[in-house]
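Novice: Input structure: target.cif, which contains mmCIF, C-alpha atoms.
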```
data_start
#
loop_
_atom_site.label_atom_id
_atom_site.label_comp_id
_atom_site.auth_asym_id
_atom_site.auth_seq_id
_atom_site.Cartn_x
_atom_site.Cartn_y
_atom_site.Cartn_z
CA MET C 1 -78.58 205.87 252.51
CA HIS C 2 -81.94 206.54 254.13
CA ILE C 3 -81.81 209.75 256.10
CA SER C 4 -83.57 209.49 259.46
CA ASP C 5 -86.20 211.79 260.89
CA GLY C 6 -84.90 214.82 262.71
CA VAL C 7 -81.64 215.22 260.82
CA LEU C 8 -82.68 217.72 258.19
CA SER C 9 -84.05 221.22 258.53
CA ALA C 10 -87.64 222.06 257.61
CA LYS C 11 -86.53 223.92 254.48
CA VAL C 12 -84.75 220.90 253.04
CA LEU C 13 -87.67 218.64 253.97
CA LEU C 14 -90.16 220.91 252.24
CA ALA C 15 -88.02 221.27 249.13
CA GLY C 16 -87.61 217.49 248.95
CA ALA C 17 -91.33 216.92 249.44
CA ALA C 18 -92.15 219.43 246.68
CA VAL C 19 -89.78 217.84 244.15
CA ALA C 20 -90.98 214.35 245.09
CA ALA C 21 -94.62 215.40 244.70
CA GLY C 22 -93.89 216.86 241.27
CA GLY C 23 -92.03 213.77 240.11
CA THR C 24 -94.74 211.50 241.48
CA ALA C 25 -97.45 213.49 239.72
CA VAL C 26 -95.63 213.21 236.39
CA GLY C 27 -94.94 209.53 237.02
CA LEU C 28 -98.56 208.72 237.86
CA ARG C 29 -99.76 210.31 234.62
CA LYS C 30 -97.35 208.09 232.67
CA ILE C 31 -98.70 204.88 234.13
CA ASP C 32 -101.44 203.14 232.21
CA MET C 33 -103.24 199.95 233.10
CA GLU C 34 -100.73 197.72 231.40
CA LYS C 35 -97.82 199.31 233.12
CA MET C 36 -99.36 199.29 236.58
CA PRO C 37 -98.36 195.72 237.55
CA ARG C 38 -94.80 196.36 236.48
CA VAL C 39 -94.67 199.48 238.65
CA ALA C 40 -96.08 197.55 241.60
CA VAL C 41 -93.67 194.65 241.19
CA LEU C 42 -90.64 196.91 240.87
CA SER C 43 -91.86 198.91 243.84
CA SER C 44 -92.03 195.66 245.82
CA ALA C 45 -88.56 194.70 244.63
CA PHE C 46 -87.23 198.09 245.72
CA PHE C 47 -88.99 197.69 249.06
CA VAL C 48 -87.46 194.26 249.63
CA ALA C 49 -83.99 194.98 248.20
CA SER C 50 -83.16 197.29 251.08
CA LEU C 51 -83.05 194.22 253.32
CA ILE C 52 -80.17 192.70 251.39
CA HIS C 53 -77.40 193.87 253.57
CA VAL C 54 -73.80 193.84 252.48
CA PRO C 55 -71.57 193.15 255.48
CA LEU C 56 -68.68 195.30 254.32
CA GLY C 57 -67.40 198.50 255.80
CA PRO C 58 -68.10 199.99 259.19
CA SER C 59 -71.67 201.07 258.58
CA SER C 60 -74.71 199.23 257.32
CA VAL C 61 -75.20 199.37 253.58
CA HIS C 62 -77.82 197.61 251.51
CA LEU C 63 -78.95 197.26 247.93
CA LEU C 64 -80.95 200.13 246.46
CA LEU C 65 -82.05 198.89 243.03
CA ASN C 66 -82.89 202.44 242.01
CA GLY C 67 -80.93 202.06 238.77
CA ILE C 68 -82.90 199.10 237.48
CA THR C 69 -86.14 200.66 238.73
CA GLY C 70 -85.38 203.83 236.81
CA LEU C 71 -84.30 201.95 233.70
CA LEU C 72 -87.51 199.92 233.55
CA LEU C 73 -89.97 202.56 234.71
CA GLY C 74 -88.69 205.98 233.67
CA TRP C 75 -90.79 208.68 235.29
CA ALA C 76 -92.96 206.04 236.94
CA SER C 77 -90.02 205.19 239.22
CA PHE C 78 -90.99 208.23 241.31
CA PRO C 79 -94.30 206.77 242.55
CA ALA C 80 -92.76 203.29 242.71
CA ILE C 81 -89.88 204.42 244.93
CA LEU C 82 -92.12 206.67 247.01
CA ILE C 83 -94.38 203.73 247.84
CA GLY C 84 -91.42 201.46 248.49
CA LEU C 85 -89.87 204.00 250.86
CA LEU C 86 -93.22 204.60 252.57
CA PHE C 87 -93.53 200.95 253.54
CA GLN C 88 -89.86 200.72 254.47
CA ALA C 89 -90.46 203.62 256.86
CA LEU C 90 -93.67 202.13 258.27
CA LEU C 91 -92.61 198.50 258.57
CA PHE C 92 -88.82 198.53 258.94
CA GLN C 93 -88.37 201.98 260.54
CA TYR C 94 -85.94 202.91 257.79
CA GLY C 95 -85.72 206.61 257.16
CA GLY C 96 -88.93 208.23 258.31
CA LEU C 97 -92.16 209.82 257.24
CA THR C 98 -91.03 213.44 257.33
CA VAL C 99 -87.96 212.69 255.20
CA LEU C 100 -89.96 210.62 252.73
CA GLY C 101 -89.84 213.36 250.10
CA VAL C 102 -86.11 213.96 250.38
CA ASN C 103 -85.31 210.24 250.32
CA THR C 104 -87.60 209.72 247.32
CA VAL C 105 -85.82 212.44 245.37
CA ASN C 106 -82.39 211.11 246.35
CA MET C 107 -83.29 207.64 245.06
CA ALA C 108 -85.63 208.34 242.16
CA LEU C 109 -83.89 211.24 240.45
CA PRO C 110 -80.69 209.24 239.74
CA GLY C 111 -82.92 206.44 238.43
CA LEU C 112 -84.63 208.85 236.08
CA LEU C 113 -81.32 210.24 234.88
CA VAL C 114 -80.06 206.72 234.20
CA PHE C 115 -83.22 206.09 232.22
CA PHE C 116 -82.63 209.08 229.95
CA LEU C 117 -78.92 208.28 229.57
CA PHE C 118 -78.99 204.54 228.94
CA HIS C 119 -82.48 203.32 228.17
CA ARG C 120 -82.23 203.68 224.42
CA ILE C 121 -78.86 201.94 224.18
CA VAL C 122 -79.85 199.15 226.56
CA LYS C 123 -83.03 198.51 224.61
CA ASN C 124 -81.70 198.76 221.05
CA LYS C 125 -78.13 197.50 221.15
CA ASN C 126 -77.09 193.97 221.80
CA GLY C 127 -74.00 192.38 223.30
CA ALA C 128 -71.28 194.41 224.92
CA ALA C 129 -72.78 197.89 224.51
CA SER C 130 -76.02 196.87 226.18
CA MET C 131 -74.20 195.06 228.98
CA VAL C 132 -71.85 197.94 229.69
CA CYS C 133 -74.75 200.36 229.79
CA SER C 134 -76.73 198.05 232.07
CA PHE C 135 -73.79 197.88 234.43
CA LEU C 136 -73.37 201.63 234.34
CA SER C 137 -77.09 202.15 235.05
CA GLY C 138 -76.91 200.11 238.22
CA ALA C 139 -73.63 201.57 239.42
CA LEU C 140 -74.20 205.18 238.41
CA ALA C 141 -77.62 205.40 240.06
CA VAL C 142 -76.13 204.33 243.40
CA PHE C 143 -73.21 206.72 242.95
CA LEU C 144 -75.51 209.64 242.19
CA SER C 145 -77.74 208.75 245.13
CA ALA C 146 -74.69 208.85 247.40
CA ILE C 147 -73.72 212.26 246.01
CA MET C 148 -77.25 213.58 246.44
CA THR C 149 -77.55 212.23 249.97
CA ALA C 150 -74.22 213.87 250.83
CA PHE C 151 -75.46 217.11 249.30
CA THR C 152 -78.65 216.94 251.37
CA LEU C 153 -76.68 216.31 254.54
CA VAL C 154 -74.55 219.39 253.90
CA PHE C 155 -77.57 221.49 254.87
CA SER C 156 -77.58 219.87 258.29
CA GLY C 157 -73.98 220.81 258.92
CA ASP C 158 -71.94 217.93 257.56
CA GLU C 159 -68.98 218.90 255.44
CA PHE C 160 -69.67 217.90 251.84
CA VAL C 161 -66.37 216.38 250.77
CA SER C 162 -65.90 214.24 253.86
CA ILE C 163 -69.49 212.96 253.99
CA ALA C 164 -69.53 212.32 250.24
CA LYS C 165 -66.27 210.36 250.47
CA LEU C 166 -67.67 208.35 253.34
CA LEU C 167 -70.93 207.56 251.56
CA ILE C 168 -69.28 206.70 248.27
CA ALA C 169 -66.65 204.53 249.94
CA ALA C 170 -69.37 202.68 251.88
CA HIS C 171 -71.37 202.14 248.71
CA LEU C 172 -68.57 201.01 246.40
CA PRO C 173 -69.45 197.33 246.90
CA ILE C 174 -73.12 198.18 246.38
CA MET C 175 -72.29 199.94 243.13
CA LEU C 176 -70.48 196.85 241.88
CA ILE C 177 -73.24 194.49 242.97
CA GLU C 178 -76.01 196.62 241.51
CA GLY C 179 -74.10 196.92 238.25
CA VAL C 180 -73.79 193.14 238.01
CA VAL C 181 -77.42 192.61 239.08
CA SER C 182 -78.53 195.07 236.39
CA VAL C 183 -76.54 193.23 233.72
CA PHE C 184 -78.15 189.93 234.69
CA VAL C 185 -81.66 191.30 234.97
CA ILE C 186 -81.48 193.16 231.66
CA SER C 187 -80.01 190.25 229.72
CA LEU C 188 -82.58 187.91 231.25
CA LEU C 189 -85.40 190.28 230.35
CA LYS C 190 -84.05 190.69 226.82
CA LYS C 191 -84.21 186.97 226.31
CA VAL C 192 -87.38 186.14 228.19
CA LYS C 193 -89.49 189.24 227.99
CA PRO C 194 -88.11 191.95 225.68
CA GLU C 195 -91.37 193.92 225.98
CA MET C 196 -90.37 194.79 229.54
CA LEU C 197 -87.72 197.04 228.06
CA GLU C 198 -90.11 198.74 225.70
CA VAL C 199 -91.11 201.70 227.75
CA PRO C 200 -92.64 203.76 224.97
CA TYR C 201 -95.30 205.27 227.15
CA ALA C 202 -92.77 206.96 229.35
CA LEU C 203 -91.73 209.05 226.37
CA SER C 204 -94.58 209.04 223.86
CA HIS C 205 -97.63 208.21 225.91
CA SER C 206 -97.53 211.55 227.71
CA ALA C 207 -100.82 212.70 229.08
CA MET L 1 -101.40 204.50 215.42
CA PRO L 2 -101.47 205.25 219.15
CA PHE L 3 -105.24 204.88 218.97
CA LEU L 4 -104.89 201.37 217.60
CA ILE L 5 -102.51 200.39 220.35
CA VAL L 6 -104.93 201.59 222.96
CA ARG L 7 -107.81 199.65 221.43
CA ASP L 8 -105.70 196.56 221.22
CA GLY L 9 -104.66 197.01 224.82
CA ALA L 10 -108.24 197.40 225.97
CA ASN L 11 -109.23 194.09 224.44
CA ARG L 12 -106.40 192.05 225.79
CA THR L 13 -105.40 193.96 228.86
CA SER L 14 -105.93 191.19 231.37
CA THR L 15 -103.90 188.57 229.52
CA ARG L 16 -101.15 191.08 228.82
CA ILE L 17 -100.99 192.08 232.43
CA LEU L 18 -100.71 188.47 233.39
CA PHE L 19 -97.81 187.96 230.99
CA SER L 20 -95.95 191.16 231.74
CA ILE L 21 -95.95 190.44 235.45
CA TRP L 22 -94.16 187.06 235.38
CA PRO L 23 -90.53 188.22 235.02
CA GLY L 24 -91.14 190.67 237.85
CA ILE L 25 -92.52 187.96 240.07
CA PHE L 26 -89.55 185.77 239.24
CA LEU L 27 -87.25 188.61 240.28
CA LEU L 28 -89.15 189.14 243.49
CA CYS L 29 -89.03 185.45 244.38
CA ALA L 30 -85.32 185.43 243.69
CA PHE L 31 -84.88 188.31 246.12
CA LEU L 32 -87.02 186.70 248.76
CA PHE L 33 -85.00 183.54 248.47
CA PHE L 34 -81.82 185.60 248.75
CA ILE L 35 -83.04 187.30 251.91
CA LEU L 36 -84.53 184.33 253.65
CA SER L 37 -81.47 182.19 253.00
CA ALA L 38 -79.01 184.89 253.96
CA SER L 39 -77.93 185.17 257.59
CA PRO L 40 -79.96 187.43 259.85
CA VAL L 41 -82.14 190.05 258.28
CA PHE L 42 -80.88 193.52 258.93
CA ALA L 43 -82.65 196.76 259.30
CA HIS L 44 -81.03 200.00 258.42
CA LYS L 45 -81.15 202.15 261.50
CA VAL L 46 -79.38 202.74 264.78
CA SER L 47 -80.56 202.45 268.36
CA ILE L 48 -79.40 203.97 271.61
CA PHE L 49 -80.27 202.80 275.12
CA ALA L 50 -79.42 204.42 278.41
CA TYR L 51 -79.67 203.67 282.11
CA ALA L 52 -78.55 205.42 285.27
CA GLU L 53 -76.48 203.85 288.02
CA ASN L 54 -74.60 205.41 290.91
CA GLY L 55 -74.85 208.94 289.58
CA THR L 56 -73.62 208.02 286.12
CA ILE L 57 -75.64 207.60 282.94
CA TYR L 58 -74.49 204.72 280.76
CA THR L 59 -75.45 204.66 277.10
CA GLU L 60 -75.08 201.84 274.60
CA SER L 61 -75.44 202.33 270.85
CA TYR L 62 -76.09 199.62 268.28
CA PHE L 63 -76.85 198.88 264.71
CA PRO L 64 -79.79 196.52 264.51
CA ASP L 65 -77.56 193.51 263.93
CA GLY L 66 -76.05 194.14 267.35
CA LYS L 67 -72.85 195.68 266.07
CA PRO L 68 -71.81 198.61 268.24
CA VAL L 69 -71.74 202.11 266.81
CA ALA L 70 -68.10 203.11 267.22
CA ASN L 71 -67.17 206.78 267.42
CA GLY L 72 -70.76 207.96 267.10
CA ARG L 73 -71.61 211.40 268.39
CA VAL L 74 -73.78 211.46 271.50
CA GLU L 75 -75.52 214.66 272.50
CA VAL L 76 -77.52 215.22 275.67
CA TYR L 77 -80.22 217.85 275.79
CA ASN L 78 -82.09 219.05 278.88
CA SER L 79 -85.85 219.60 279.02
CA GLU L 80 -85.46 223.07 277.52
CA GLY L 81 -83.67 221.60 274.51
CA GLN L 82 -80.25 223.00 275.42
CA LEU L 83 -77.16 220.94 274.68
CA ILE L 84 -75.63 220.16 278.06
CA GLN L 85 -73.29 217.28 277.31
CA GLU L 86 -71.68 215.71 274.30
CA GLY L 87 -69.14 213.07 273.49
CA ARG L 88 -68.31 210.10 271.31
CA THR L 89 -68.93 206.40 271.77
CA ASP L 90 -65.96 204.10 272.21
CA LYS L 91 -65.35 201.08 269.99
CA ASP L 92 -67.91 199.04 271.95
CA GLY L 93 -70.57 201.66 271.37
CA ASN L 94 -70.54 202.82 275.01
CA PHE L 95 -70.53 206.34 276.29
CA ARG L 96 -71.07 207.39 279.89
CA PHE L 97 -71.27 210.64 281.75
CA LYS L 98 -72.13 211.98 285.22
CA ILE L 99 -75.78 212.82 285.68
CA PRO L 100 -75.77 216.50 284.81
CA ALA L 101 -79.17 217.40 286.24
CA ILE L 102 -82.24 215.66 287.62
CA GLU L 103 -84.69 216.38 284.83
CA ASP L 104 -85.95 214.78 281.65
CA LEU L 105 -82.96 214.33 279.35
CA THR L 106 -82.99 213.60 275.65
CA ILE L 107 -79.99 211.58 274.57
CA VAL L 108 -79.34 211.77 270.84
CA LEU L 109 -77.06 209.48 268.87
CA ASP L 110 -75.77 210.74 265.56
CA ALA L 111 -74.02 207.88 263.73
CA SER L 112 -73.29 210.01 260.64
CA MET L 113 -74.58 209.41 257.12
CA GLY L 114 -78.04 210.49 258.24
CA HIS L 115 -78.43 207.81 260.91
CA ARG L 116 -79.88 209.12 264.13
CA ALA L 117 -81.61 207.81 267.20
CA GLU L 118 -83.01 209.29 270.39
CA TYR L 119 -83.56 208.07 273.92
CA LEU L 120 -85.71 209.96 276.37
CA MET L 121 -84.45 209.59 279.93
CA LYS L 122 -87.17 210.48 282.43
CA SER L 123 -86.12 212.27 285.60
CA ASP L 124 -87.48 209.46 287.80
CA GLU L 125 -85.12 207.01 286.08
CA LEU L 126 -82.30 209.28 287.17
CA THR L 127 -83.33 209.40 290.82
CA GLY L 128 -83.45 205.60 290.69
CA GLY L 129 -79.73 205.85 289.96
CA LYS L 130 -79.03 206.69 293.61
CA THR L 131 -77.66 210.19 293.35
CA SER L 132 -76.56 211.49 296.69
CA GLY L 133 -77.72 215.03 296.38
CA ALA L 134 -80.38 217.53 297.19
CA PRO L 135 -83.43 215.34 296.59
CA VAL L 136 -82.40 212.72 299.13
CA GLY L 137 -81.67 215.37 301.75
CA GLN L 138 -85.08 216.81 301.18
CA ASN L 139 -86.69 213.43 301.64
CA THR L 140 -84.95 212.91 304.94
CA GLY L 141 -86.29 216.23 306.12
CA GLN L 142 -89.75 215.17 305.22
CA GLY L 143 -89.19 211.81 306.83
CA GLU L 144 -88.36 213.54 310.08
CA LYS L 145 -91.63 215.37 309.91
CA ASP L 146 -93.45 212.13 309.23
CA ALA L 147 -91.74 210.53 312.13
CA LYS L 148 -92.71 213.33 314.48
CA SER L 149 -96.29 213.34 313.37
CA ALA L 150 -96.43 209.61 313.91
CA GLY L 151 -95.08 210.18 317.37
CA LEU L 152 -92.12 207.85 317.03
CA ALA L 153 -89.06 208.36 319.11
CA ARG L 154 -85.82 208.48 317.18
CA GLN L 155 -82.81 206.71 318.60
CA GLU L 156 -80.02 207.91 316.40
CA GLU L 157 -77.19 206.25 318.33
CA ASN L 158 -78.53 202.79 317.68
CA PRO L 159 -80.76 202.71 314.65
CA ARG L 160 -80.95 198.92 314.43
CA LEU L 161 -82.66 198.33 317.75
CA ALA L 162 -86.15 197.61 316.55
CA SER L 163 -88.25 197.92 313.48
CA GLY L 164 -90.20 200.65 315.18
CA ASP L 165 -87.10 202.81 315.00
CA LEU L 166 -87.19 202.99 311.24
CA THR L 167 -89.06 205.91 309.84
CA ALA L 168 -91.43 205.42 306.93
CA GLU L 169 -88.95 207.25 304.76
CA ASP L 170 -86.08 204.93 305.73
CA ILE L 171 -88.14 201.92 304.80
CA ARG L 172 -89.13 203.50 301.55
CA LYS L 173 -85.49 204.15 300.76
CA ILE L 174 -84.40 200.62 301.57
CA VAL L 175 -87.20 199.12 299.51
CA LYS L 176 -86.34 201.38 296.64
CA GLU L 177 -82.70 200.36 296.68
CA GLU L 178 -83.59 196.69 296.92
CA LEU L 179 -86.07 196.98 294.09
CA ALA L 180 -83.60 198.81 291.89
CA GLY L 181 -81.19 195.91 292.35
CA GLN L 182 -83.87 193.32 291.66
CA ILE L 183 -85.26 195.10 288.64
CA GLU L 184 -81.89 195.66 287.01
CA PRO L 185 -81.69 192.19 285.35
CA VAL L 186 -85.26 192.59 284.07
CA ARG L 187 -84.41 195.98 282.67
CA ARG L 188 -81.36 194.48 281.01
CA SER L 189 -83.33 191.70 279.38
CA VAL L 190 -85.95 194.15 278.13
CA MET L 191 -83.14 196.15 276.59
CA ASP L 192 -81.73 193.02 275.01
CA LEU L 193 -85.14 192.23 273.58
CA GLU L 194 -85.38 195.68 272.07
CA LYS L 195 -81.94 195.28 270.58
CA LYS L 196 -83.00 192.12 268.84
CA GLU L 197 -85.94 193.85 267.20
CA LYS L 198 -85.37 192.94 263.59
CA VAL L 199 -87.33 192.96 260.41
CA SER L 200 -89.62 189.99 260.41
CA VAL L 201 -90.77 187.93 257.46
CA ARG L 202 -94.28 189.10 258.31
CA ASP L 203 -93.24 192.71 257.74
CA ILE L 204 -91.76 191.85 254.36
CA PHE L 205 -94.83 190.07 253.13
CA SER L 206 -97.25 192.62 254.52
CA GLY L 207 -95.31 195.37 252.71
CA ILE L 208 -95.50 193.50 249.43
CA GLY L 209 -99.16 192.80 250.08
CA TYR L 210 -99.87 196.48 250.64
CA ILE L 211 -98.08 197.44 247.43
CA LEU L 212 -100.02 194.88 245.40
CA GLY L 213 -103.22 196.03 247.09
CA LEU L 214 -102.49 199.61 246.11
CA MET L 215 -101.96 198.39 242.57
CA GLY L 216 -105.38 196.77 242.68
CA VAL L 217 -106.99 200.02 243.84
CA ALA L 218 -105.17 202.00 241.15
CA LEU L 219 -106.25 199.53 238.46
CA LEU L 220 -109.82 199.73 239.69
CA VAL L 221 -109.79 203.52 239.50
CA GLN L 222 -108.30 203.44 236.01
CA ASN L 223 -110.84 200.87 234.90
CA ILE L 224 -113.74 202.97 236.14
CA ARG L 225 -112.32 206.03 234.38
CA LYS L 226 -111.93 204.12 231.17
CA LYS L 227 -115.51 202.86 231.31
CA ASN L 228 -116.78 206.36 231.99
CA ALA L 229 -114.76 207.70 229.06
CA LEU L 230 -116.23 205.09 226.72
CA LYS L 231 -119.80 205.99 227.69
#
```
Just give me the structure as structure tokens.
Specialist:
Amino acid sequence: MHISDGVLSAKVLLAGAAVAAGGTAVGLRKIDMEKMPRVAVLSSAFFVASLIHVPLGPSSVHLLLNGITGLLLGWASFPAILIGLLFQALLFQYGGLTVLGVNTVNMALPGLLVFFLFHRIVKNKNGAASMVCSFLSGALAVFLSAIMTAFTLVFSGDEFVSIAKLLIAAHLPIMLIEGVVSVFVISLLKKVKPEMLEVPYALSHSA
Amino acid sequence: MPFLIVRDGANRTSTRILFSIWPGIFLLCAFLFFILSASPVFAHKVSIFAYAENGTIYTESYFPDGKPVANGRVEVYNSEGQLIQEGRTDKDGNFRFKIPAIEDLTIVLDASMGHRAEYLMKSDELTGGKTSGAPVGQNTGQGEKDAKSAGLARQEENPRLASGDLTAEDIRKIVKEELAGQIEPVRRSVMDLEKKEKVSVRDIFSGIGYILGLMGVALLVQNIRKKNALK
């Protein structure tokens, strides 16, 4: 899902960088001292998750974890994912530095959307409703990232429907896995550390 | 109410941080275990390698786990950036074409879904591929001049008579051909090494280290700000 250097035109790169910078600025203002370690740990998890490779399909697909990152961090997932992608680019040669902005938007925006859609239900409800929403957070974020990546690639000449089909098909197993991972992580957190799900600052602690 | 929360947080920040971080660390360890115990560690990129032999350029395209890129688009650009050749890789990730021109060529692999790799083929790598064309003819011409200036007699009917009959250019050519043959296995093994370039455990831990370091810097900055605000 990482787009490499040299695929996109300058216009798309600039637009991506601008949106990513905006999201990161908002995200950074939402982080206070208590939230900082959580952001760092989820950023590390995002950074590492991309190495978990699922040997299905013709291409190479890996976990994204942008759903769970979004669900637990809200706006702060922008800086978390930006940092994660930066080190993936530097250390693993995934994606690249010029496409950092575009890739950040493609991963973080679905996470943010998932946060606004499901966070309240996941936090407040118990049992089936919470589990279903956790699953949807994980799966939907990957799905939306695939759609957004396809949309970005359209500007470099790929035909939308075919590339979107390809990306979504390749990421179907990832969507399932991330949904299940989200269910486990959320139910574990609810039992062990329910405060992790309280993300009041993302909504009320605005600067 | 928000004021109270902030005061409370300021008093017990360090212990809270310590507590709030544990589930995350557990998660991270779980992932690390997952990765280290899983089969090889994969990167998410593609690579293309190329070499010239007998007037043909051979290219091989791989995912980092060594799987070939099947049906990937290969484009060849000349030094002015014009597209001069294109094609698709076969199921083994190979694509070959006749050397189109002796100049620096950029060979681009587009494996779809945003995956892309480049290989720069220098013009001297191409001449090493033994093209029988203009450059060689030119060299012979020069060799003749060399031979004359050295005052050597040329016996074209029987070139193997003595070592003195070989011009400097002939020797150079023979050595070059021999070397190309000798170097080929080395070149192959270097290519194999590059193919095996995978994400190392060191990279993983250094990335995590950097992220935690950044967190430390950010916390420091916030702490200083908070102290200044209290003053």
Novice: Once you count all atoms listed in the file, which residues end up no further than 12 Å from (-97.7, 213.2, 240.3) in the file's frame, shown as a ChimeraX atom specification?
Specialist: /C:17-31,75-80,82,207
Novice: So, with all atoms listed in the file as the atoms that count, which of L:Glu118, L:Glu178, L:Glu125, L:Glu184 lies closest to Ala101 (chain L)?
Specialist: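 Closest residue, counting all atoms listed in the file: L:Glu125.
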Novice: Expanded to explicit residues, what is the PyMOL selection byres ((chain L and resi 68) around 9) for this file, as a list of chain:residue names?
Specialist: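 Applying the PyMOL selection byres ((chain L and resi 68) around 9) to the structure shown produces L:Glu60, L:Ser61, L:Tyr62, L:Phe63, L:Asp65, L:Gly66, L:Lys67, L:Val69, L:Ala70, L:Asp90, L:Lys91, L:Asp92, L:Gly93, L:Asn94.
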Novice: Based on the selection just made, write C-alpha atoms of those residues as a compact mmCIF listing (two decimals), in the coordinates of the input.
Specialist:
```
# COMPACT_ATOMS: atom_id res chain seq x y z
CA GLU L 60 -75.08 201.84 274.60
CA SER L 61 -75.44 202.33 270.85
CA TYR L 62 -76.09 199.62 268.28
CA PHE L 63 -76.85 198.88 264.71
CA ASP L 65 -77.56 193.51 263.93
CA GLY L 66 -76.05 194.14 267.35
CA LYS L 67 -72.85 195.68 266.07
CA VAL L 69 -71.74 202.11 266.81
CA ALA L 70 -68.10 203.11 267.22
CA ASP L 90 -65.96 204.10 272.21
CA LYS L 91 -65.35 201.08 269.99
CA ASP L 92 -67.91 199.04 271.95
CA GLY L 93 -70.57 201.66 271.37
CA ASN L 94 -70.54 202.82 275.01
```
Novice: For the structure provided, state which residues fall under the PyMOL selection byres ((chain C and resi 186) around 10), and present them as an NGL selection string.
Specialist: :C and (68 or 71-72 or 122-123 or 130-131 or 134-135 or 180-185 or 187-194 or 196-197)
Novice: Please measure the separation of CA of Gln82 (chain L) and CA of Thr152 (chain C), giving the value in Å to one decimal.
Specialist: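 Distance reported for this atom pair: 24.9 Å.
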Novice: Distance CA of Ala50 (chain L)-CA of Ser123 (chain L), one decimal place?
Specialist: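 Separation of CA of Ala50 (chain L) and CA of Ser123 (chain L): 12.6 Å.
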Novice: Counting all atoms listed in the file, figure out which residue out of C:Ile81, C:Leu73, C:Val12, C:Ala146 gets nearest to Ile211 (chain L).
Specialist: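 For Ile211 (chain L), the nearest of the candidates is C:Ile81.
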Novice: Counting only C-alpha atoms, select every polymer residue within 12 Å of (-68.2, 198.8, 245.7) as defined in the file's coordinates, and provide the selection as a PDB file with C-alpha atoms, in the frame of the given file.
Specialist:
```pdb
ATOM      1  CA  VAL C  54     -73.800 193.840 252.480  1.00  0.00           C
ATOM      2  CA  PRO C  55     -71.570 193.150 255.480  1.00  0.00           C
ATOM      3  CA  LEU C  56     -68.680 195.300 254.320  1.00  0.00           C
ATOM      4  CA  GLY C  57     -67.400 198.500 255.800  1.00  0.00           C
ATOM      5  CA  VAL C  61     -75.200 199.370 253.580  1.00  0.00           C
ATOM      6  CA  HIS C  62     -77.820 197.610 251.510  1.00  0.00           C
ATOM      7  CA  LEU C  63     -78.950 197.260 247.930  1.00  0.00           C
ATOM      8  CA  GLY C 138     -76.910 200.110 238.220  1.00  0.00           C
ATOM      9  CA  ALA C 139     -73.630 201.570 239.420  1.00  0.00           C
ATOM     10  CA  LEU C 140     -74.200 205.180 238.410  1.00  0.00           C
ATOM     11  CA  VAL C 142     -76.130 204.330 243.400  1.00  0.00           C
ATOM     12  CA  PHE C 143     -73.210 206.720 242.950  1.00  0.00           C
ATOM     13  CA  LEU C 167     -70.930 207.560 251.560  1.00  0.00           C
ATOM     14  CA  ILE C 168     -69.280 206.700 248.270  1.00  0.00           C
ATOM     15  CA  ALA C 169     -66.650 204.530 249.940  1.00  0.00           C
ATOM     16  CA  ALA C 170     -69.370 202.680 251.880  1.00  0.00           C
ATOM     17  CA  HIS C 171     -71.370 202.140 248.710  1.00  0.00           C
ATOM     18  CA  LEU C 172     -68.570 201.010 246.400  1.00  0.00           C
ATOM     19  CA  PRO C 173     -69.450 197.330 246.900  1.00  0.00           C
ATOM     20  CA  ILE C 174     -73.120 198.180 246.380  1.00  0.00           C
ATOM     21  CA  MET C 175     -72.290 199.940 243.130  1.00  0.00           C
ATOM     22  CA  LEU C 176     -70.480 196.850 241.880  1.00  0.00           C
ATOM     23  CA  ILE C 177     -73.240 194.490 242.970  1.00  0.00           C
ATOM     24  CA  GLU C 178     -76.010 196.620 241.510  1.00  0.00           C
ATOM     25  CA  GLY C 179     -74.100 196.920 238.250  1.00  0.00           C
ATOM     26  CA  VAL C 180     -73.790 193.140 238.010  1.00  0.00           C
TER      27      VAL C 180
END
```
Novice: Please compute the CA of Gly74 (chain C)-CA of Phe87 (chain C) distance, one decimal, in Å.
Specialist: 21.1 Å
Novice: L:Lys122, L:Lys176, L:Arg202, L:Lys227: which is nearest chain C, counting only C-alpha atoms?
Specialist: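 Of L:Lys122, L:Lys176, L:Arg202, L:Lys227, the one nearest chain C, counting only C-alpha atoms, is L:Arg202.
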Novice: As a JSON list (two decimals) with C-alpha atoms, in the coordinates of the input, please: the residues near Gly96 (chain C) (cut-off 7 Å, only C-alpha atoms, same-chain neighbours under 6 positions excluded).
Specialist:
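out-v4.json, freshly written:
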```json
[["chain", "number", "residue", "atom", "x", "y", "z"],
["C", 4, "SER", "CA", -83.57, 209.49, 259.46],
["C", 5, "ASP", "CA", -86.20, 211.79, 260.89],
["C", 89, "ALA", "CA", -90.46, 203.62, 256.86]]
```
Novice: Check what the PyMOL selection byres ((chain C and resi 47) around 8) selects in the file above and give those residues as a PyMOL selection string.
Specialist: (chain C and resi 43-46+48-50+81+84-85+87-88) or (chain L and resi 207-208)
Novice: Check the smallest atom-to-atom distance from each of C:Ile52, C:Val154, C:Val105, C:Leu144 to chain L using all atoms listed in the file, then report the winner.
Specialist: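 Of the candidates, the smallest distance to chain L is held by C:Ile52.
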Novice: Could you check the closest approach to Val201 (chain L) for each of C:Leu113, C:Leu51, C:Met107, C:Val102 and tell me which residue wins, using only C-alpha atoms?
Specialist: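 Counting only C-alpha atoms, the residue closest to Val201 (chain L) is C:Leu51.
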Novice: Using all atoms listed in the file, which of the listed residues (L:Val46, L:Leu126, L:Val175, L:Ile183) sits closest to chain C?
Specialist: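 For chain C, the nearest of the candidates is L:Val46.
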